[in-house]
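Participant: Okay, so here is final.tsv, and as you'll see once you scroll down, it has TSV, C-alpha atoms.
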```
chain	number	residue	atom	x	y	z
K	206	MET	CA	78.38	123.57	139.63
K	207	ASP	CA	75.68	125.91	138.32
K	208	ALA	CA	75.43	127.43	134.84
K	209	GLU	CA	77.02	130.70	135.87
K	210	GLN	CA	80.02	128.90	137.34
K	211	THR	CA	80.49	126.83	134.17
K	212	ARG	CA	80.36	130.02	132.10
K	213	GLU	CA	83.01	131.56	134.34
K	214	ARG	CA	85.12	128.45	133.88
K	215	PHE	CA	84.72	128.74	130.09
K	216	LEU	CA	85.78	132.40	130.14
K	217	VAL	CA	88.87	131.45	132.16
K	218	LEU	CA	89.61	128.86	129.47
K	219	VAL	CA	89.22	131.50	126.76
K	220	ASP	CA	91.66	133.78	128.59
K	221	GLN	CA	94.13	130.89	128.92
K	222	VAL	CA	93.96	130.27	125.17
K	223	CYS	CA	94.46	133.99	124.46
K	224	GLU	CA	97.42	134.06	126.83
K	225	GLU	CA	99.01	130.99	125.22
K	226	LEU	CA	98.66	132.66	121.82
K	227	GLY	CA	99.89	136.05	123.05
K	228	PHE	CA	96.52	137.72	122.36
K	229	PRO	CA	94.87	140.28	124.68
K	230	PRO	CA	92.17	138.86	127.03
K	231	ASN	CA	88.66	138.36	125.63
K	232	GLU	CA	86.30	141.29	126.32
K	233	GLU	CA	83.12	140.04	124.63
K	234	VAL	CA	79.90	139.93	126.63
K	235	PRO	CA	78.97	136.22	127.04
K	236	GLN	CA	75.83	134.98	125.28
K	237	ALA	CA	73.85	131.78	126.07
K	238	ASP	CA	75.65	129.82	123.36
K	239	HIS	CA	78.95	131.64	123.66
K	240	ALA	CA	81.66	130.69	121.18
K	241	LEU	CA	85.30	131.60	120.90
K	242	ALA	CA	85.97	132.07	117.19
K	243	MET	CA	89.57	132.10	116.04
K	244	GLU	CA	91.85	131.29	113.17
K	245	MET	CA	94.96	129.16	113.46
K	246	ASP	CA	97.32	128.48	110.54
K	247	GLY	CA	94.66	129.92	108.23
K	248	ILE	CA	92.01	127.48	109.48
K	249	SER	CA	88.80	128.61	111.20
K	250	PHE	CA	87.92	127.28	114.63
K	251	SER	CA	85.08	127.80	117.08
K	252	VAL	CA	85.06	126.68	120.68
K	253	VAL	CA	81.41	126.53	121.71
K	254	HIS	CA	80.00	126.55	125.22
K	255	ASP	CA	76.22	126.24	125.09
K	256	LEU	CA	74.51	126.59	128.45
K	257	GLU	CA	71.24	125.23	127.10
K	258	VAL	CA	72.74	122.08	125.59
K	259	SER	CA	75.44	120.93	127.99
K	260	PRO	CA	76.93	123.44	130.48
K	261	GLU	CA	79.68	121.04	131.56
K	262	ARG	CA	81.04	120.46	128.06
K	263	ILE	CA	82.58	122.34	125.17
K	264	LEU	CA	82.73	121.56	121.47
K	265	ILE	CA	85.69	122.54	119.32
K	266	GLU	CA	84.69	122.94	115.67
K	267	CYS	CA	87.18	123.14	112.83
K	268	ARG	CA	86.02	124.17	109.35
K	269	MET	CA	88.09	122.13	106.90
K	270	GLY	CA	86.68	123.14	103.51
K	271	GLN	CA	84.61	121.68	100.70
K	272	LEU	CA	84.30	118.15	99.36
K	273	PRO	CA	86.28	117.46	96.19
K	274	GLU	CA	84.55	117.73	92.81
K	275	ASP	CA	85.98	114.35	91.76
K	276	ASN	CA	86.48	111.22	93.86
K	277	ARG	CA	83.69	112.34	96.12
K	278	LEU	CA	82.62	108.86	97.27
K	279	PRO	CA	86.15	107.76	98.29
K	280	ALA	CA	86.59	111.01	100.24
K	281	LEU	CA	83.24	110.60	102.02
K	282	THR	CA	84.07	106.97	102.78
K	283	ARG	CA	87.43	107.97	104.26
K	284	LEU	CA	85.84	110.58	106.53
K	285	LEU	CA	83.48	107.95	107.90
K	286	HIS	CA	86.31	105.39	108.27
K	287	PHE	CA	88.20	107.92	110.37
K	288	ASN	CA	85.11	108.48	112.50
K	289	ARG	CA	85.04	104.79	113.36
K	290	GLY	CA	88.64	105.06	114.55
K	291	PHE	CA	87.90	108.20	116.57
K	292	PHE	CA	85.15	106.42	118.51
K	293	GLU	CA	87.77	104.39	120.34
K	294	MET	CA	89.87	107.40	121.23
K	295	GLY	CA	87.33	109.98	122.37
K	296	GLU	CA	84.55	112.17	121.09
K	297	ALA	CA	85.81	113.51	117.78
K	298	ALA	CA	84.00	113.19	114.45
K	299	PHE	CA	83.98	114.48	110.91
K	300	SER	CA	80.73	115.92	109.60
K	301	ILE	CA	79.33	118.20	106.91
K	302	ASP	CA	77.72	121.60	107.46
K	303	ALA	CA	74.41	121.35	105.57
K	304	VAL	CA	74.30	125.13	105.21
K	305	ASN	CA	77.36	125.52	103.00
K	306	GLY	CA	78.72	122.02	102.42
K	307	ASP	CA	81.92	122.56	104.43
K	308	VAL	CA	83.51	119.49	105.94
K	309	MET	CA	83.77	119.98	109.71
K	310	TYR	CA	85.91	118.32	112.34
K	311	THR	CA	84.50	118.46	115.87
K	312	HIS	CA	86.01	117.45	119.17
K	313	ALA	CA	84.00	117.39	122.40
K	314	CYS	CA	85.57	117.59	125.82
K	315	GLY	CA	84.63	118.23	129.42
K	316	LEU	CA	84.97	121.85	130.47
K	317	HIS	CA	86.89	120.79	133.55
K	318	ASP	CA	89.23	118.45	131.69
K	319	ALA	CA	90.55	121.26	129.51
K	320	ASP	CA	92.97	124.11	129.98
K	321	GLY	CA	94.36	126.59	127.48
K	322	ARG	CA	97.35	124.43	126.62
K	323	SER	CA	95.39	121.18	126.15
K	324	LEU	CA	92.83	123.01	124.04
K	325	LEU	CA	95.55	124.38	121.79
K	326	ALA	CA	97.09	120.90	121.51
K	327	ILE	CA	93.74	119.55	120.28
K	328	MET	CA	93.40	122.45	117.84
K	329	THR	CA	96.92	121.86	116.54
K	330	GLU	CA	96.02	118.24	115.77
K	331	MET	CA	92.79	119.40	114.13
K	332	SER	CA	94.61	121.94	111.97
K	333	TRP	CA	96.99	119.15	110.88
K	334	GLN	CA	93.98	117.09	109.79
K	335	ALA	CA	92.54	120.12	107.96
K	336	ARG	CA	95.80	120.64	106.06
K	337	GLN	CA	95.84	116.94	105.17
K	338	TRP	CA	92.24	117.19	103.96
K	339	ASN	CA	93.05	120.15	101.76
K	340	SER	CA	96.10	118.33	100.46
K	341	ASP	CA	94.57	114.98	99.40
K	342	TYR	CA	91.01	114.70	100.82
K	343	PHE	CA	92.29	111.77	102.88
K	344	ILE	CA	92.47	109.55	99.81
K	345	GLY	CA	96.22	109.78	99.28
K	346	GLU	CA	98.36	106.74	100.14
K	347	ASP	CA	99.72	108.12	103.43
K	348	THR	CA	96.32	109.05	104.82
K	349	ARG	CA	94.77	105.75	103.75
K	350	ALA	CA	97.38	103.87	105.76
K	351	SER	CA	96.72	105.91	108.89
K	352	ALA	CA	92.94	105.41	108.59
K	353	VAL	CA	93.40	101.65	108.61
K	354	GLN	CA	95.82	101.90	111.53
K	355	GLU	CA	93.14	103.75	113.53
K	356	GLN	CA	90.96	100.66	113.33
K	357	MET	CA	93.16	97.94	114.72
K	358	PRO	CA	90.87	95.23	116.12
K	359	LEU	CA	90.12	95.16	119.82
K	360	HIS	CA	91.74	92.52	121.95
K	361	VAL	CA	89.05	90.58	123.78
K	362	GLY	CA	89.38	88.07	126.58
K	363	SER	CA	87.01	85.23	127.40
K	364	LEU	CA	84.31	84.25	129.83
K	365	ALA	CA	85.35	82.45	132.99
O	223	MET	CA	96.87	100.45	138.46
O	224	ALA	CA	94.40	100.76	141.37
O	225	GLN	CA	92.52	103.47	139.49
O	226	ALA	CA	92.38	101.32	136.32
O	227	TYR	CA	91.00	98.44	138.34
O	228	GLN	CA	88.37	100.71	139.89
O	229	TRP	CA	87.10	101.87	136.47
O	230	ARG	CA	87.06	98.28	135.24
O	231	ARG	CA	85.13	97.25	138.34
O	232	GLN	CA	82.54	99.94	137.60
O	233	TYR	CA	82.27	98.73	134.00
O	234	ILE	CA	81.69	95.14	135.14
O	235	GLU	CA	79.07	96.26	137.64
O	236	LEU	CA	77.32	98.18	134.87
O	237	VAL	CA	77.40	95.12	132.61
O	238	GLU	CA	76.04	92.95	135.43
O	239	ASP	CA	73.21	95.45	135.96
O	240	LEU	CA	72.45	95.27	132.23
O	241	PHE	CA	72.20	91.48	132.48
O	242	ARG	CA	69.77	91.79	135.38
O	243	GLU	CA	67.75	94.52	133.65
O	244	LEU	CA	67.32	92.17	130.68
O	245	GLY	CA	66.33	89.26	132.94
O	246	PHE	CA	69.58	87.30	132.79
O	247	VAL	CA	71.84	86.12	135.60
O	248	PRO	CA	75.23	87.85	135.25
O	249	PRO	CA	78.03	85.37	134.52
O	250	ALA	CA	81.34	85.36	136.33
O	251	MET	CA	83.94	87.23	134.29
O	252	THR	CA	87.70	87.09	134.27
O	253	HIS	CA	89.61	89.97	132.78
O	254	ASP	CA	92.87	91.85	132.63
O	255	PRO	CA	92.14	95.47	133.69
O	256	ASP	CA	94.80	96.72	131.29
O	257	LEU	CA	93.13	95.22	128.20
O	258	PRO	CA	89.91	96.29	126.44
O	259	LEU	CA	86.81	94.39	127.44
O	260	ALA	CA	83.60	94.19	125.39
O	261	MET	CA	80.09	92.83	125.67
O	262	GLU	CA	77.65	92.33	122.83
O	263	LEU	CA	73.89	92.37	123.09
O	264	GLU	CA	70.89	92.82	120.87
O	265	VAL	CA	68.20	95.47	121.32
O	266	ASN	CA	65.25	95.71	118.95
O	267	GLU	CA	66.99	93.44	116.41
O	268	LEU	CA	70.16	95.54	116.29
O	269	THR	CA	73.55	94.48	117.57
O	270	PHE	CA	75.31	96.62	120.17
O	271	GLU	CA	78.81	96.36	121.56
O	272	ILE	CA	79.65	97.92	124.93
O	273	VAL	CA	83.38	98.46	125.19
O	274	HIS	CA	85.72	99.53	127.97
O	275	THR	CA	89.17	100.60	126.79
O	276	PRO	CA	91.38	101.31	129.83
O	277	THR	CA	94.21	102.94	127.91
O	278	ALA	CA	92.21	105.47	125.88
O	279	GLN	CA	89.05	106.28	127.85
O	280	PRO	CA	89.21	104.51	131.25
O	281	HIS	CA	86.36	106.53	132.78
O	282	GLN	CA	83.93	105.90	129.92
O	283	VAL	CA	82.18	103.10	128.05
O	284	LEU	CA	81.85	103.18	124.29
O	285	VAL	CA	78.55	101.88	122.91
O	286	GLU	CA	78.50	100.95	119.23
O	287	CYS	CA	75.58	99.79	117.10
O	288	ARG	CA	75.93	98.26	113.64
O	289	PHE	CA	73.24	99.45	111.24
O	290	GLY	CA	74.35	97.40	108.23
O	291	THR	CA	75.98	98.29	104.90
O	292	VAL	CA	74.70	100.77	102.33
O	293	PRO	CA	74.22	99.38	98.80
O	294	GLU	CA	76.83	100.89	96.46
O	295	PRO	CA	74.40	102.88	94.26
O	296	GLN	CA	73.10	104.77	97.31
O	297	ALA	CA	76.40	105.15	99.11
O	298	GLU	CA	77.25	108.76	98.19
O	299	GLU	CA	73.81	110.08	99.10
O	300	ALA	CA	73.69	108.04	102.31
O	301	TYR	CA	77.20	109.04	103.42
O	302	ILE	CA	76.47	112.75	102.86
O	303	HIS	CA	73.29	112.32	104.88
O	304	LEU	CA	75.21	110.58	107.69
O	305	LEU	CA	77.86	113.30	107.77
O	306	ARG	CA	75.31	116.13	107.74
O	307	HIS	CA	73.50	114.46	110.59
O	308	ASN	CA	76.80	114.14	112.45
O	309	LEU	CA	77.24	117.90	112.85
O	310	ASP	CA	73.88	118.36	114.53
O	311	GLN	CA	74.55	115.29	116.65
O	312	ALA	CA	77.96	116.64	117.71
O	313	ARG	CA	76.49	120.02	118.65
O	314	HIS	CA	74.12	118.25	121.01
O	315	PHE	CA	76.70	115.72	122.25
O	316	HIS	CA	74.64	112.91	120.77
O	317	PRO	CA	75.79	109.67	119.04
O	318	ALA	CA	77.99	109.96	115.95
O	319	TYR	CA	78.15	107.92	112.76
O	320	GLY	CA	81.09	106.20	111.13
O	321	ILE	CA	81.71	103.14	108.99
O	322	GLU	CA	84.02	100.18	109.45
O	323	ALA	CA	86.99	100.07	107.10
O	324	GLN	CA	86.36	96.39	106.47
O	325	GLY	CA	82.90	95.85	105.03
O	326	ASN	CA	81.70	99.48	105.29
O	327	ASN	CA	79.19	98.62	108.02
O	328	VAL	CA	77.52	101.82	109.26
O	329	ILE	CA	78.13	102.30	112.98
O	330	CYS	CA	76.42	104.64	115.39
O	331	ALA	CA	78.39	105.21	118.60
O	332	PHE	CA	78.21	107.14	121.84
O	333	HIS	CA	80.12	107.37	125.10
O	334	GLU	CA	78.79	107.23	128.64
O	335	SER	CA	80.61	108.25	131.77
O	336	LEU	CA	81.08	105.25	134.06
O	337	GLU	CA	80.41	107.49	137.05
O	338	GLN	CA	77.00	108.51	135.73
O	339	ALA	CA	75.89	105.52	133.64
O	340	SER	CA	73.05	103.25	134.77
O	341	ALA	CA	71.79	100.09	133.13
O	342	ARG	CA	68.31	101.55	132.64
O	343	GLY	CA	69.69	104.79	131.18
O	344	LEU	CA	72.02	102.89	128.87
O	345	LEU	CA	69.18	100.69	127.62
O	346	ASP	CA	67.05	103.78	126.99
O	347	SER	CA	69.86	105.37	124.95
O	348	MET	CA	70.37	102.12	123.05
O	349	GLY	CA	66.64	101.95	122.34
O	350	LYS	CA	66.81	105.42	120.74
O	351	VAL	CA	69.82	104.41	118.63
O	352	ALA	CA	67.98	101.24	117.61
O	353	GLU	CA	65.08	103.39	116.40
O	354	GLN	CA	67.49	105.47	114.32
O	355	GLY	CA	68.99	102.25	112.99
O	356	LYS	CA	65.61	100.99	111.87
O	357	HIS	CA	64.94	104.30	110.19
O	358	TRP	CA	68.26	104.14	108.34
O	359	ARG	CA	67.71	100.54	107.32
O	360	ASN	CA	64.28	101.37	105.93
O	361	ASN	CA	65.39	104.54	104.15
O	362	TYR	CA	68.53	103.15	102.58
O	363	ARG	CA	67.60	99.47	102.53
O	364	LEU	CA	70.75	98.76	104.54
O	365	GLU	CA	71.94	95.20	104.35
O	366	ALA	CA	71.96	93.83	107.90
O	367	SER	CA	75.16	92.65	109.57
O	368	PRO	CA	75.64	88.91	109.05
O	369	GLU	CA	75.80	88.28	112.79
O	370	LEU	CA	72.44	89.94	113.40
O	371	HIS	CA	69.94	87.74	115.18
O	372	GLN	CA	66.18	87.94	114.87
O	373	GLY	CA	63.88	88.62	117.81
O	374	GLY	CA	63.36	91.27	120.47
O	375	ALA	CA	65.72	92.48	123.13
O	376	LYS	CA	67.97	89.63	124.13
O	377	LEU	CA	71.46	89.00	125.21
O	378	PHE	CA	73.18	86.60	122.88
O	379	GLU	CA	76.86	86.75	123.56
O	380	THR	CA	79.38	88.11	126.00
O	381	LEU	CA	82.94	88.87	125.12
O	382	ALA	CA	84.96	89.38	128.25
```
When written as structure tokens, how does the structure in this file appear?
Facilitator:
Amino acid sequence: MDAEQTRERFLVLVDQVCEELGFPPNEEVPQADHALAMEMDGISFSVVHDLEVSPERILIECRMGQLPEDNRLPALTRLLHFNRGFFEMGEAAFSIDAVNGDVMYTHACGLHDADGRSLLAIMTEMSWQARQWNSDYFIGEDTRASAVQEQMPLHVGSLA
Amino acid sequence: MAQAYQWRRQYIELVEDLFRELGFVPPAMTHDPDLPLAMELEVNELTFEIVHTPTAQPHQVLVECRFGTVPEPQAEEAYIHLLRHNLDQARHFHPAYGIEAQGNNVICAFHESLEQASARGLLDSMGKVAEQGKHWRNNYRLEASPELHQGGAKLFETLA
């Protein structure tokens, strides 16, 4: 599939998302690193399709907000603990935008594995994480428990 | 079930190719295709784990490298650096950083599609991660994982 076809596929995906949300179809002229910017539950998202980086993939970015003034190290540690858990599930990760210090939550997926509904399901989970972040910076008791649960040890077999 | 077995077969073939690429004879392996399977090896003095998890990501392998632990006084600075780096990495679909909940070992991880992965390509990617690991260990004086062996590229253990 060439670059133009992947861009067409991305625009179909954008229209599917708009339809699921009851918005009118997108009418923007596509750029090389086209992104669908939207807000859901008061949280900012971008869905990026960059032809020069990886035409077959998209990256969903969720802007979660700033680091806390206090308890900064425990919050940073928790973000990185969660990342370790995410590795086993797929290609999601927490990060920090060096430009403004916002904590970001990204989720990569194959352009052809996604449709409007699955994309919105991912974004719903991401917005839940963003609300949790803004509630306790992942250092409250409930979040701590779920971070540990994400890292249950692998079962391994043995050599013949 | 047949599909799960096919992905597992591709993972084992990839592992066997890695053995050959490193100059070892691949051992016979027994496994349950429904359970995760992992192999450990060492590249440029850093430990890597190559994991196949049939329930979460059957069509991919997860490659993890342990960089070591950050001394407490440098942790906040190092974790911010890791998280800032993560955003750029995510935007290029490159490896991401996390830390283990137990021991706070810094881990760099990436996924490879089983359909597209080759032993040579995987070793090249691991070599690049190993370079990053050395850089991190020098910059932050990371304390090496206790299981780390000395020496060049060598296979030291297989978990099947």
Participant: Return as a Markdown table the residues of chain O lying at most 9 Å from chain K, together with the closest atom-to-atom pair for each and the distance in Å to one decimal, counting only C-alpha atoms, with rows in chain order and ascending residue number.
Facilitator:
```
| residue | atom | partner | partner_atom | distance |
| --- | --- | --- | --- | --- |
| O:Pro249 | CA | K:Leu364 | CA | 7.9 |
| O:Ala250 | CA | K:Ala365 | CA | 6.0 |
| O:Met251 | CA | K:Ala365 | CA | 5.2 |
| O:Thr252 | CA | K:Ala365 | CA | 5.4 |
| O:His253 | CA | K:Gly362 | CA | 6.5 |
| O:Asp254 | CA | K:Gly362 | CA | 7.9 |
| O:Leu257 | CA | K:His360 | CA | 6.9 |
| O:Pro258 | CA | K:His360 | CA | 6.1 |
| O:Leu259 | CA | K:Val361 | CA | 5.7 |
| O:Ala260 | CA | K:Val361 | CA | 6.7 |
| O:Val273 | CA | K:Glu293 | CA | 8.8 |
| O:Thr275 | CA | K:Glu293 | CA | 7.6 |
| O:Ala278 | CA | K:Met294 | CA | 5.6 |
| O:Gln279 | CA | K:Met294 | CA | 6.8 |
| O:Leu284 | CA | K:Glu293 | CA | 7.2 |
| O:Glu286 | CA | K:Phe292 | CA | 8.6 |
| O:Ala297 | CA | K:Leu278 | CA | 7.5 |
| O:Glu298 | CA | K:Leu278 | CA | 5.4 |
| O:Tyr301 | CA | K:Leu281 | CA | 6.4 |
| O:Ile302 | CA | K:Leu281 | CA | 7.2 |
| O:His303 | CA | K:Ile301 | CA | 8.7 |
| O:Leu304 | CA | K:Ser300 | CA | 7.9 |
| O:Leu305 | CA | K:Ser300 | CA | 4.3 |
| O:Arg306 | CA | K:Ile301 | CA | 4.6 |
| O:His307 | CA | K:Ser300 | CA | 7.4 |
| O:Asn308 | CA | K:Ser300 | CA | 5.2 |
| O:Leu309 | CA | K:Ser300 | CA | 5.2 |
| O:Asp310 | CA | K:Asp302 | CA | 8.7 |
| O:Ala312 | CA | K:Thr311 | CA | 7.0 |
| O:Arg313 | CA | K:Leu264 | CA | 7.0 |
| O:His314 | CA | K:Val258 | CA | 6.1 |
| O:Phe315 | CA | K:Ala313 | CA | 7.5 |
| O:Ala318 | CA | K:Ala298 | CA | 7.0 |
| O:Tyr319 | CA | K:Asn288 | CA | 7.0 |
| O:Gly320 | CA | K:Leu285 | CA | 4.4 |
| O:Ile321 | CA | K:His286 | CA | 5.2 |
| O:Glu322 | CA | K:His286 | CA | 5.8 |
| O:Ala323 | CA | K:His286 | CA | 5.5 |
| O:Asn326 | CA | K:His286 | CA | 8.1 |
| O:Val328 | CA | K:Leu285 | CA | 8.7 |
| O:Ile329 | CA | K:Arg289 | CA | 7.4 |
| O:Cys330 | CA | K:Arg289 | CA | 8.9 |
| O:Ala331 | CA | K:Phe292 | CA | 6.9 |
| O:Phe332 | CA | K:Phe292 | CA | 7.7 |
| O:His333 | CA | K:Glu296 | CA | 7.7 |
| O:Thr380 | CA | K:Leu364 | CA | 7.3 |
| O:Leu381 | CA | K:Ser363 | CA | 5.9 |
| O:Ala382 | CA | K:Ser363 | CA | 4.7 |
```
Participant: So how many Å separate atom CA of Ser340 of chain K and atom CA of Asn276 of chain K, to one decimal?
Facilitator: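 Separation between atom CA of Ser340 of chain K and atom CA of Asn276 of chain K: 13.7 Å.
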Participant: Here is a test: counting only C-alpha atoms, which residue of O:Val351, O:Cys287, O:Leu336, O:Leu263 is nearest to Glu235 of chain O?
Facilitator: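 Smallest separation from Glu235 of chain O among the options: O:Leu336.
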Participant: Extract, using only C-alpha atoms, all DNA, RNA and protein residues at most 12 Å from Met243 of chain K, discarding same-chain residues fewer than 6 positions from it, and format them as a list in words.
Facilitator: Val219, Val222, Cys223, Leu226, Phe228, Asn231, Ser249, Phe250, Ser251, Val252, Val253, Ile265, Glu266, Cys267, Arg268, Leu325 and Met328 of chain K
Participant: Taking all atoms listed in the file into account, name the residue in O:Gln232, O:Gln225, O:Gln354, O:Gln311 that is nearest to Arg288 of chain O.
Facilitator: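 For Arg288 of chain O, the nearest of the given residues is O:Gln354.
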Participant: Find the residue from O:Thr291, O:Gln228, O:Gln296, O:Gln282 that sits nearest to Gly325 of chain O; use all atoms listed in the file when measuring.
Facilitator: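 Answer, going by the shortest atom-to-atom distance: O:Thr291.
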Participant: Calculate how many Å separate atom CA of Arg212 of chain K from atom CA of Leu256 of chain K, rounding to one decimal.
Facilitator: 7.7 Å
Participant: Using all atoms of segment 246-249 of chain K that appear in the file, construct an axis-aligned enclosing box with 8 Å of padding on every side and provide its centre coordinates and edge lengths in Å, rounded to one decimal, as AutoDock Vina command-line options.
Facilitator:
```
--center_x 93.1 --center_y 128.7 --center_z 109.7 --size_x 24.5 --size_y 18.4 --size_z 19.0
```
Participant: In Å, how far is it from atom CA of Glu271 of chain O to atom CA of Glu261 of chain K?
Facilitator: 26.6 Å
Participant: If we count only C-alpha atoms, what is near Asn360 of chain O at a cut-off of 12 Å, once residues fewer than 6 positions away on the same chain are taken out, given as a VMD selection string?
Facilitator: chain O and resid 289 to 290 292 353 to 354 366
